[in-house]
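Engineer: Dropping a structure here in structure tokens format, bear with me for questions.
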Protein chains: 4
Amino acid sequence: MIEFAQFGAGRIGQIHAGNLGRVAGARLRYVVDVDPRAAQRLATQHGAKAADRATALKDPAVGAVIIASSTDTHADLVIASAEAGKAIFCEKPIDLSLARVDACLAAVKKAGVPMLVGFNRRFDPSFKALHDRLHAGEIGQIEQVIVTSRDPGLPPAEYLKVSGGQFRDMTIHDFDMARWLLGEEPVELYATGSNLVEPWVGELGDVDSVMVVMRTASGKLAHINNSRRAVYGYDQRVEVLGSKGMLRAGNRTPTTVERSGGDAVASDKPLHFFLERYAEAYVAEMAHFIQAIGAGGKPSVGAKDGRQALVLADAAVQSMKTGAAVKLG
Amino acid sequence: MIEFAQFGAGRIGQIHAGNLGRVAGARLRYVVDVDPRAAQRLATQHGAKAADRATALKDPAVGAVIIASSTDTHADLVIASAEAGKAIFCEKPIDLSLARVDACLAAVKKAGVPMLVGFNRRFDPSFKALHDRLHAGEIGQIEQVIVTSRDPGLPPAEYLKVSGGQFRDMTIHDFDMARWLLGEEPVELYATGSNLVEPWVGELGDVDSVMVVMRTASGKLAHINNSRRAVYGYDQRVEVLGSKGMLRAGNRTPTTVERSGGDAVASDKPLHFFLERYAEAYVAEMAHFIQAIGAGGKPSVGAKDGRQALVLADAAVQSMKTGAAVKLG
Amino acid sequence: MIEFAQFGAGRIGQIHAGNLGRVAGARLRYVVDVDPRAAQRLATQHGAKAADRATALKDPAVGAVIIASSTDTHADLVIASAEAGKAIFCEKPIDLSLARVDACLAAVKKAGVPMLVGFNRRFDPSFKALHDRLHAGEIGQIEQVIVTSRDPGLPPAEYLKVSGGQFRDMTIHDFDMARWLLGEEPVELYATGSNLVEPWVGELGDVDSVMVVMRTASGKLAHINNSRRAVYGYDQRVEVLGSKGMLRAGNRTPTTVERSGGDAVASDKPLHFFLERYAEAYVAEMAHFIQAIGAGGKPSVGAKDGRQALVLADAAVQSMKTGAAVKLG
Amino acid sequence: MIEFAQFGAGRIGQIHAGNLGRVAGARLRYVVDVDPRAAQRLATQHGAKAADRATALKDPAVGAVIIASSTDTHADLVIASAEAGKAIFCEKPIDLSLARVDACLAAVKKAGVPMLVGFNRRFDPSFKALHDRLHAGEIGQIEQVIVTSRDPGLPPAEYLKVSGGQFRDMTIHDFDMARWLLGEEPVELYATGSNLVEPWVGELGDVDSVMVVMRTASGKLAHINNSRRAVYGYDQRVEVLGSKGMLRAGNRTPTTVERSGGDAVASDKPLHFFLERYAEAYVAEMAHFIQAIGAGGKPSVGAKDGRQALVLADAAVQSMKTGAAVKLG
């Protein structure tokens, strides 16, 4: 039985705490949050205790932590947890500064603790099946990867202000997806973006619509497109062209109902947003983490993956600014 | 908090016990099974006690029962539970004898207890959405209902021998689906069947492939087709033609992955069987039961529905025997 | 070069005359119609002459006839054409009376001329591919056939009055489709029908919504459903379940455009009606006829097929009247 | 009646000559080809005469020309035809040199003759429906355009050598598609490419796999991906994201047959290549040209469109060479 301390009792924290309870071999012991009432509520719901950070990290019964607090607290918590010898499940991104990310990686390496970064999409049943079949050679050599990833609507301005910008906040997931599917690091990246959705996004210095092209050393090509607004719901698709065919994974829908009417044949829109679309992925991600650390192994998506996605996001910011492609690696 | 006693610790019993634990406001108190070790195992897993039938039914703390034992025990348990004043969740069929079903209905009526019969498909998100949109008038007047329902493969001979035959064991679900979608009772029924899958099915006096046509008083038409073997998985589809269009609900698949190859474009087979396809339906069914009895209301699919589906199944048996249509009602 | 005389210059006659012009090795020589101006118009358009029946049938240069006039003239024309030694392409149905159909078959047999009956759907690329793959054994033994066939809307009352009723006018195509797919004659048939679309159909003594179940000697099962009104367009689908899988062929659409909106994902309705859906089939049918008779062979869908479909339609009329299944063969 | 002279009797010339015969109001008078026997064959087939260029262009009965000869002859023929006052249907590309294209445009402008450039995909029923619905505002403001365009396999090396490279030979169609859908000129373009399919392509100095991103002045984004080899057939799809939804048009298939088997659910691959996929588009393109010039109007896709697509292709070549984005306009 692995005992957990969780930092963060907000929306994503509630999901992780709930999923923890579904996996055999794990138990939530402490919940830590800047809002003690929120910590208490979530702790009570899962038979755990509200605590402060020091208590949680000092307790030798705690084998692992879940870092689901706000992004600006991640790096400190990763370093402190590593120094306390805890296995680490950290929501993405590790941090928005590459220097602090590197400090985290160093601490984790020094402590020798396992760390998983929450790129939950790798655990989506469709994307995982596609990835596994792809890397089993089902369509031969990988040639082109296309990632389409659009949110149903803009987040609040308060969120955007501290998000790090669309590339670091949103595209970072797709950079990870592209790397994972390519099986090879990009060496050149071009990115551009526009403010098309609402003028206030541009006034904050951000964009809401972006396109990226990347190239690996062996010549594999990847494209990402993002929008902060797809009125038809959360649009999450990947496509890979290989020498022997193509694999695609599309959206999932609430039901299979289809209406044939005098106007058209109409079926369900995609599931609304990440909580619905990736519900199964969050469970699988937690199960993987618990199984991996229980077996003394390494989670399949680690600190290095968190770092590399940020490297690509930073390059995208630079490319958009200069209008030129960026050489990597 | 409603406390439950559950009869039956087999496959479907384990599902119901698990789902009970997911619904707020309910708790499993007793598990009863002919195999005491199975009862003990399931009870332990859910923080309940293994008990015998008398103990479970006498305990005034028990407000509701789940009858998930073998079909031949259903009627006795329904009557005893009704007499003990418990709310009843009974797996389908209530019984294979219409006389015993009527005895159950009488006991339930006399006791004034709520009863749900486990036609789980009514709680499938796709079928439920189709039903609700249909009865909200989305495609005008209902004209034709088509139910396609095929199992992935034959059950063991031991099961078939005591199943009551394909119409009472398998088609009974589809009779309920057709009634529910039609919103009106059939008044004429024709059924025919064949032994096409394995000769031993015919040697047991059963069929494995059937087709039914039904007609209501207002002229609505319904068709059901069943097979005990669809090598591509559990095939569960419904289609309704109305004066203003058509609604269809199709199969669900494990993933959305699609491969385009030199031969064809290939996508996932349907989910394998009822445990996979109706996993969400079983949860929704239990949640509905607990909510309905908690609110002092009546479950949406009751004892009468269990009876009417059996009336249709009996008529189908007779029609197949005589080669003639049967008048009902 | 085979020279043709065509009887009938109406809608379907215009299609056949046009398709004839697209097939190498054939030429339209005469057009015969009760309306001489219609005959003249169509003849001019295709470089042919308007003529009367006697002239057309006496001319030894005419090798083949197309009978596309009104149904009540088919039998006389078939017999006269057979006696004149012409190859015969006859629109379905040969006649609404089995006795007259038999007289046609006798005349054709006596004359030894090839005859094709216009069951055009056998030449639809999708249905033909399904049929050929099915009979090549792709899904093992055939077990169940399901034919869905719905018109976009009611024909005029004038048409319905002389149509012979829904089974002989509309379902007759589906009886042919079922026989062709089953590869075996039905031995039992049950049919029922309702007047659901417009009351005036019932006042004419006809129905507009029917369902049929058939059984062959080896136990194969078939279902047909028809409606005279599907507001979403011409609905033409077939499905075959076999011991090793299922084959389905669905509707075709004008375009592949799909709109994802705030409400739903919407795609095209099926093609509107038979002229659109079966445009390719009509061309292929004519090409097959010309190739078959040019090579001295027999068309793949002959007089016997026309007769058997009528036998099933007659049995359906009787079954609907008596409420009982009809034994055949 | 408009009389045509056609230059080129090869594969695409045969298609244009055939389609010309299907459109009322047009007649083929002359066929000109470097191979007199090929010219004679095609001329005979369509009731025309083989002739030399001078004869064809001098004949005042000739109102229009079709230029379907090899690319290196286009510019001369356009200029000579314009000077002779003929309406011009010119296969794409006008030329591979922007200077010569500009000379053509000048000649056409001076002569005041109508000219259509053969961007046949604009006449595909699905792409045309998508375009028209898009520009009718069905999904609000256009934000992102994605064009996927892949050939089934490599052309012969002889063809590639004189093709002008992948951007000018293949992507040029997609540049036109993107411009047409965007409704606005790109002002920035980034392109990259790889040799992934066969090493001999690289040895010829060409690539076979490319990705492009473009940006318009108002910030609209467009992506194109191309491959010379998609083993599953000709892959031609477009997708447009707008402020109120998304429109997509996908591939077309030979049939609608779908097989559900023990392994997967399999449907048809896309139609094999452009002759199959764009058969209807070629007919519609010719009908449009004849109707436009007959009415004294301008074809919807003109010389300027041919020029602009080449400007983008040239920019792509430059971007791939320098690894930097190119500013346009």
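Chain lettering (A, B, ...) mirrors the order of the structure tokens, residue numbering begins at 1 for each chain separately, and ligand numbering begins at 1 in order of display.
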Restrict the distance test to only C-alpha atoms, flag each residue of chain B within 9 Å of chain D, and return the flagged residues as a VMD selection string.
Structural biologist: chain B and resid 230 to 233 260 to 270
Engineer: Mind checking which residues fall within 8 Å of Val238 (chain A), counting only C-alpha atoms, ignoring those fewer than 2 positions away in the same chain, and posting them as a short mmCIF file (atom, residue, chain, number, x, y, z; two decimals) with C-alpha atoms, in the first residue's frame?
Structural biologist:
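Result saved to selection-v1.cif:
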data_model
loop_
_atom_site.label_atom_id
_atom_site.label_comp_id
_atom_site.auth_asym_id
_atom_site.auth_seq_id
_atom_site.Cartn_x
_atom_site.Cartn_y
_atom_site.Cartn_z
CA PHE A 127 -4.09 7.73 -28.76
CA VAL A 145 2.44 13.48 -37.97
CA ILE A 146 -0.53 15.84 -37.79
CA VAL A 147 -1.95 16.95 -34.47
CA THR A 148 -5.21 18.89 -34.35
CA GLN A 236 -8.54 16.28 -30.38
CA VAL A 240 0.20 9.64 -38.84
CA ARG A 248 -5.86 8.22 -37.38
CA ALA A 249 -7.60 8.67 -34.05
CA GLY A 250 -10.57 10.98 -33.87
#
Engineer: Which polymer residues have any atom within 10 Å of an atom of region 67-80 of chain C, counting only C-alpha atoms, with same-chain residues fewer than 3 positions away left out, as a PDB file with N, CA and C atoms, in the first residue's frame?
Structural biologist:
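Result written to out_20.pdb:
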ATOM      1  N   ALA C   5     -34.971  -1.246 -80.944  1.00  0.00           N
ATOM      2  CA  ALA C   5     -36.239  -0.515 -80.944  1.00  0.00           C
ATOM      3  C   ALA C   5     -36.636  -0.334 -79.488  1.00  0.00           C
ATOM      4  N   GLN C   6     -37.074   0.876 -79.167  1.00  0.00           N
ATOM      5  CA  GLN C   6     -37.486   1.102 -77.771  1.00  0.00           C
ATOM      6  C   GLN C   6     -38.960   1.470 -77.702  1.00  0.00           C
ATOM      7  N   PHE C   7     -39.680   0.787 -76.806  1.00  0.00           N
ATOM      8  CA  PHE C   7     -41.084   1.105 -76.558  1.00  0.00           C
ATOM      9  C   PHE C   7     -41.158   1.936 -75.290  1.00  0.00           C
ATOM     10  N   GLY C   8     -41.685   3.139 -75.420  1.00  0.00           N
ATOM     11  CA  GLY C   8     -41.800   4.005 -74.242  1.00  0.00           C
ATOM     12  C   GLY C   8     -40.793   5.126 -74.314  1.00  0.00           C
ATOM     13  N   ALA C   9     -41.293   6.373 -74.272  1.00  0.00           N
ATOM     14  CA  ALA C   9     -40.415   7.547 -74.352  1.00  0.00           C
ATOM     15  C   ALA C   9     -40.573   8.420 -73.111  1.00  0.00           C
ATOM     16  N   GLY C  10     -41.021   7.826 -72.024  1.00  0.00           N
ATOM     17  CA  GLY C  10     -41.202   8.562 -70.769  1.00  0.00           C
ATOM     18  C   GLY C  10     -39.903   8.680 -69.991  1.00  0.00           C
ATOM     19  N   ARG C  11     -40.023   8.937 -68.711  1.00  0.00           N
ATOM     20  CA  ARG C  11     -38.853   9.195 -67.872  1.00  0.00           C
ATOM     21  C   ARG C  11     -37.824   8.081 -67.924  1.00  0.00           C
ATOM     22  N   ILE C  12     -38.269   6.852 -67.712  1.00  0.00           N
ATOM     23  CA  ILE C  12     -37.308   5.760 -67.676  1.00  0.00           C
ATOM     24  C   ILE C  12     -36.831   5.425 -69.092  1.00  0.00           C
ATOM     25  N   GLY C  13     -37.700   5.651 -70.071  1.00  0.00           N
ATOM     26  CA  GLY C  13     -37.314   5.431 -71.463  1.00  0.00           C
ATOM     27  C   GLY C  13     -36.203   6.379 -71.876  1.00  0.00           C
ATOM     28  N   GLN C  14     -36.299   7.613 -71.426  1.00  0.00           N
ATOM     29  CA  GLN C  14     -35.246   8.587 -71.751  1.00  0.00           C
ATOM     30  C   GLN C  14     -33.905   8.173 -71.166  1.00  0.00           C
ATOM     31  N   ILE C  15     -33.964   7.613 -69.966  1.00  0.00           N
ATOM     32  CA  ILE C  15     -32.717   7.141 -69.335  1.00  0.00           C
ATOM     33  C   ILE C  15     -32.111   5.998 -70.136  1.00  0.00           C
ATOM     34  N   HIS C  16     -32.942   5.026 -70.488  1.00  0.00           N
ATOM     35  CA  HIS C  16     -32.410   3.883 -71.232  1.00  0.00           C
ATOM     36  C   HIS C  16     -31.867   4.311 -72.594  1.00  0.00           C
ATOM     37  N   ALA C  17     -32.580   5.196 -73.266  1.00  0.00           N
ATOM     38  CA  ALA C  17     -32.114   5.647 -74.589  1.00  0.00           C
ATOM     39  C   ALA C  17     -30.768   6.360 -74.454  1.00  0.00           C
ATOM     40  N   VAL C  32     -40.909   3.978 -80.136  1.00  0.00           N
ATOM     41  CA  VAL C  32     -42.351   3.797 -80.284  1.00  0.00           C
ATOM     42  C   VAL C  32     -43.016   4.313 -79.004  1.00  0.00           C
ATOM     43  N   ASP C  33     -44.033   5.163 -79.154  1.00  0.00           N
ATOM     44  CA  ASP C  33     -44.744   5.622 -77.955  1.00  0.00           C
ATOM     45  C   ASP C  33     -46.191   5.949 -78.320  1.00  0.00           C
ATOM     46  N   VAL C  34     -47.092   5.842 -77.356  1.00  0.00           N
ATOM     47  CA  VAL C  34     -48.504   6.177 -77.625  1.00  0.00           C
ATOM     48  C   VAL C  34     -48.633   7.666 -77.982  1.00  0.00           C
ATOM     49  N   ARG C  53     -45.337   0.211 -83.685  1.00  0.00           N
ATOM     50  CA  ARG C  53     -44.872  -1.080 -83.179  1.00  0.00           C
ATOM     51  C   ARG C  53     -44.602  -2.091 -84.284  1.00  0.00           C
ATOM     52  N   ALA C  54     -45.506  -2.145 -85.231  1.00  0.00           N
ATOM     53  CA  ALA C  54     -45.381  -3.165 -86.275  1.00  0.00           C
ATOM     54  C   ALA C  54     -44.095  -2.958 -87.082  1.00  0.00           C
ATOM     55  N   LEU C  57     -41.015  -3.979 -85.057  1.00  0.00           N
ATOM     56  CA  LEU C  57     -40.817  -5.414 -84.813  1.00  0.00           C
ATOM     57  C   LEU C  57     -40.577  -6.195 -86.112  1.00  0.00           C
ATOM     58  N   ALA C  64     -32.783  -6.093 -80.995  1.00  0.00           N
ATOM     59  CA  ALA C  64     -33.182  -6.109 -79.588  1.00  0.00           C
ATOM     60  C   ALA C  64     -34.202  -5.009 -79.317  1.00  0.00           C
ATOM     61  N   GLU C  83     -41.795 -13.386 -80.347  1.00  0.00           N
ATOM     62  CA  GLU C  83     -42.224 -14.007 -81.610  1.00  0.00           C
ATOM     63  C   GLU C  83     -41.470 -13.433 -82.804  1.00  0.00           C
ATOM     64  N   ALA C  84     -41.086 -12.161 -82.663  1.00  0.00           N
ATOM     65  CA  ALA C  84     -40.316 -11.536 -83.746  1.00  0.00           C
ATOM     66  C   ALA C  84     -38.830 -11.852 -83.636  1.00  0.00           C
ATOM     67  N   GLY C  85     -38.462 -12.619 -82.603  1.00  0.00           N
ATOM     68  CA  GLY C  85     -37.071 -13.069 -82.483  1.00  0.00           C
ATOM     69  C   GLY C  85     -36.110 -12.028 -81.943  1.00  0.00           C
ATOM     70  N   LYS C  86     -36.637 -11.032 -81.219  1.00  0.00           N
ATOM     71  CA  LYS C  86     -35.770  -9.976 -80.695  1.00  0.00           C
ATOM     72  C   LYS C  86     -35.297 -10.307 -79.267  1.00  0.00           C
ATOM     73  N   ALA C  87     -34.080  -9.903 -78.976  1.00  0.00           N
ATOM     74  CA  ALA C  87     -33.606  -9.939 -77.579  1.00  0.00           C
ATOM     75  C   ALA C  87     -34.397  -8.886 -76.808  1.00  0.00           C
ATOM     76  N   ILE C  88     -34.740  -9.202 -75.546  1.00  0.00           N
ATOM     77  CA  ILE C  88     -35.683  -8.346 -74.815  1.00  0.00           C
ATOM     78  C   ILE C  88     -35.084  -7.778 -73.526  1.00  0.00           C
ATOM     79  N   PHE C  89     -35.141  -6.450 -73.381  1.00  0.00           N
ATOM     80  CA  PHE C  89     -34.818  -5.760 -72.131  1.00  0.00           C
ATOM     81  C   PHE C  89     -36.156  -5.214 -71.653  1.00  0.00           C
ATOM     82  N   CYS C  90     -36.703  -5.802 -70.570  1.00  0.00           N
ATOM     83  CA  CYS C  90     -38.037  -5.412 -70.121  1.00  0.00           C
ATOM     84  C   CYS C  90     -37.978  -4.805 -68.730  1.00  0.00           C
ATOM     85  N   GLU C  91     -38.523  -3.592 -68.602  1.00  0.00           N
ATOM     86  CA  GLU C  91     -38.611  -2.980 -67.281  1.00  0.00           C
ATOM     87  C   GLU C  91     -39.437  -3.873 -66.352  1.00  0.00           C
ATOM     88  N   LYS C  92     -39.154  -3.817 -65.071  1.00  0.00           N
ATOM     89  CA  LYS C  92     -39.925  -4.579 -64.087  1.00  0.00           C
ATOM     90  C   LYS C  92     -41.216  -3.813 -63.817  1.00  0.00           C
ATOM     91  N   PRO C  93     -42.348  -4.421 -63.455  1.00  0.00           N
ATOM     92  CA  PRO C  93     -42.522  -5.875 -63.476  1.00  0.00           C
ATOM     93  C   PRO C  93     -42.927  -6.319 -64.870  1.00  0.00           C
ATOM     94  N   ILE C  94     -42.729  -7.595 -65.147  1.00  0.00           N
ATOM     95  CA  ILE C  94     -43.152  -8.118 -66.452  1.00  0.00           C
ATOM     96  C   ILE C  94     -44.655  -7.886 -66.581  1.00  0.00           C
ATOM     97  N   ASP C  95     -45.381  -8.215 -65.529  1.00  0.00           N
ATOM     98  CA  ASP C  95     -46.831  -7.990 -65.491  1.00  0.00           C
ATOM     99  C   ASP C  95     -47.266  -8.186 -64.049  1.00  0.00           C
ATOM    100  N   LEU C  96     -48.449  -7.710 -63.707  1.00  0.00           N
ATOM    101  CA  LEU C  96     -48.941  -7.902 -62.340  1.00  0.00           C
ATOM    102  C   LEU C  96     -49.699  -9.209 -62.189  1.00  0.00           C
ATOM    103  N   SER C  97     -49.959  -9.896 -63.308  1.00  0.00           N
ATOM    104  CA  SER C  97     -50.669 -11.181 -63.240  1.00  0.00           C
ATOM    105  C   SER C  97     -49.698 -12.308 -63.512  1.00  0.00           C
ATOM    106  N   ARG C 100     -50.213 -14.064 -66.847  1.00  0.00           N
ATOM    107  CA  ARG C 100     -49.639 -13.402 -68.028  1.00  0.00           C
ATOM    108  C   ARG C 100     -48.114 -13.484 -68.018  1.00  0.00           C
ATOM    109  N   VAL C 101     -47.525 -13.402 -66.830  1.00  0.00           N
ATOM    110  CA  VAL C 101     -46.068 -13.567 -66.753  1.00  0.00           C
ATOM    111  C   VAL C 101     -45.672 -14.934 -67.288  1.00  0.00           C
ATOM    112  N   ASP C 102     -46.449 -15.949 -66.914  1.00  0.00           N
ATOM    113  CA  ASP C 102     -46.124 -17.299 -67.386  1.00  0.00           C
ATOM    114  C   ASP C 102     -46.271 -17.400 -68.899  1.00  0.00           C
ATOM    115  N   ALA C 103     -47.256 -16.694 -69.423  1.00  0.00           N
ATOM    116  CA  ALA C 103     -47.413 -16.678 -70.886  1.00  0.00           C
ATOM    117  C   ALA C 103     -46.183 -16.046 -71.545  1.00  0.00           C
ATOM    118  N   CYS C 104     -45.668 -14.988 -70.924  1.00  0.00           N
ATOM    119  CA  CYS C 104     -44.443 -14.351 -71.433  1.00  0.00           C
ATOM    120  C   CYS C 104     -43.271 -15.325 -71.395  1.00  0.00           C
ATOM    121  N   LEU C 105     -43.112 -15.977 -70.255  1.00  0.00           N
ATOM    122  CA  LEU C 105     -41.997 -16.905 -70.117  1.00  0.00           C
ATOM    123  C   LEU C 105     -42.067 -18.007 -71.169  1.00  0.00           C
ATOM    124  N   ALA C 106     -43.295 -18.479 -71.426  1.00  0.00           N
ATOM    125  CA  ALA C 106     -43.472 -19.534 -72.426  1.00  0.00           C
ATOM    126  C   ALA C 106     -43.069 -19.021 -73.806  1.00  0.00           C
ATOM    127  N   ALA C 107     -43.507 -17.809 -74.123  1.00  0.00           N
ATOM    128  CA  ALA C 107     -43.185 -17.240 -75.442  1.00  0.00           C
ATOM    129  C   ALA C 107     -41.679 -17.042 -75.608  1.00  0.00           C
ATOM    130  N   VAL C 108     -41.058 -16.539 -74.561  1.00  0.00           N
ATOM    131  CA  VAL C 108     -39.612 -16.302 -74.594  1.00  0.00           C
ATOM    132  C   VAL C 108     -38.857 -17.614 -74.748  1.00  0.00           C
ATOM    133  N   ALA C 111     -39.304 -19.007 -78.268  1.00  0.00           N
ATOM    134  CA  ALA C 111     -38.536 -18.262 -79.269  1.00  0.00           C
ATOM    135  C   ALA C 111     -37.034 -18.394 -79.058  1.00  0.00           C
ATOM    136  N   MET C 115     -33.585 -12.603 -72.490  1.00  0.00           N
ATOM    137  CA  MET C 115     -34.430 -11.573 -71.875  1.00  0.00           C
ATOM    138  C   MET C 115     -33.835 -11.119 -70.554  1.00  0.00           C
ATOM    139  N   VAL C 117     -34.752  -8.705 -67.189  1.00  0.00           N
ATOM    140  CA  VAL C 117     -35.783  -7.943 -66.489  1.00  0.00           C
ATOM    141  C   VAL C 117     -35.090  -6.867 -65.652  1.00  0.00           C
ATOM    142  N   GLY C 118     -35.614  -5.666 -65.707  1.00  0.00           N
ATOM    143  CA  GLY C 118     -34.902  -4.489 -65.196  1.00  0.00           C
ATOM    144  C   GLY C 118     -34.799  -4.352 -63.688  1.00  0.00           C
ATOM    145  N   VAL C 162     -52.989   2.234 -60.122  1.00  0.00           N
ATOM    146  CA  VAL C 162     -52.713   1.177 -61.108  1.00  0.00           C
ATOM    147  C   VAL C 162     -51.400   0.448 -60.824  1.00  0.00           C
ATOM    148  N   SER C 163     -50.860   0.683 -59.621  1.00  0.00           N
ATOM    149  CA  SER C 163     -49.513   0.163 -59.331  1.00  0.00           C
ATOM    150  C   SER C 163     -49.509  -1.317 -58.969  1.00  0.00           C
ATOM    151  N   GLY C 164     -50.685  -1.842 -58.589  1.00  0.00           N
ATOM    152  CA  GLY C 164     -50.715  -3.229 -58.137  1.00  0.00           C
ATOM    153  C   GLY C 164     -50.514  -3.345 -56.633  1.00  0.00           C
TER     154      GLY C 164
END
Engineer: To one decimal in Å, tell me the separation between CA of Leu20 (chain D) and CA of Tyr278 (chain C).
Structural biologist: 24.2 Å
Engineer: To test your reading of the structure, identify every residue in region 104-190 of chain B that backbone DSSP assigns to strand (DSSP E or B), and report it as a ChimeraX atom specification.
Structural biologist: /B:115-117,142-150,186-190
Engineer: One decimal, Å: what's the distance from CA of Asp174 (chain C) over to CA of Glu239 (chain C), could you say?
Structural biologist: 12.4 Å
Engineer: Taking the DSSP secondary structure from the backbone, can you list the residues of region 129-307 of chain C that are helix (DSSP H, G or I), as a PyMOL selection string?
Structural biologist: chain C and resi 129-135+157-161+166-182+199-203+274-277+279-294+303-307
Engineer: Report the distance between CA of Arg121 (chain B) and CA of Ala222 (chain B) in Å, rounded to one decimal place.
Structural biologist: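 Taking CA of Arg121 (chain B) as the start and CA of Ala222 (chain B) as the end point, the length is 17.5 Å.
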Engineer: I want to know what sits within 9 Å of Ala48 (chain C), based on only C-alpha atoms, with residues of the same chain fewer than 4 positions away left out; could you give that as number ranges by chain?
Structural biologist: C: 27-31, 40, 42-44
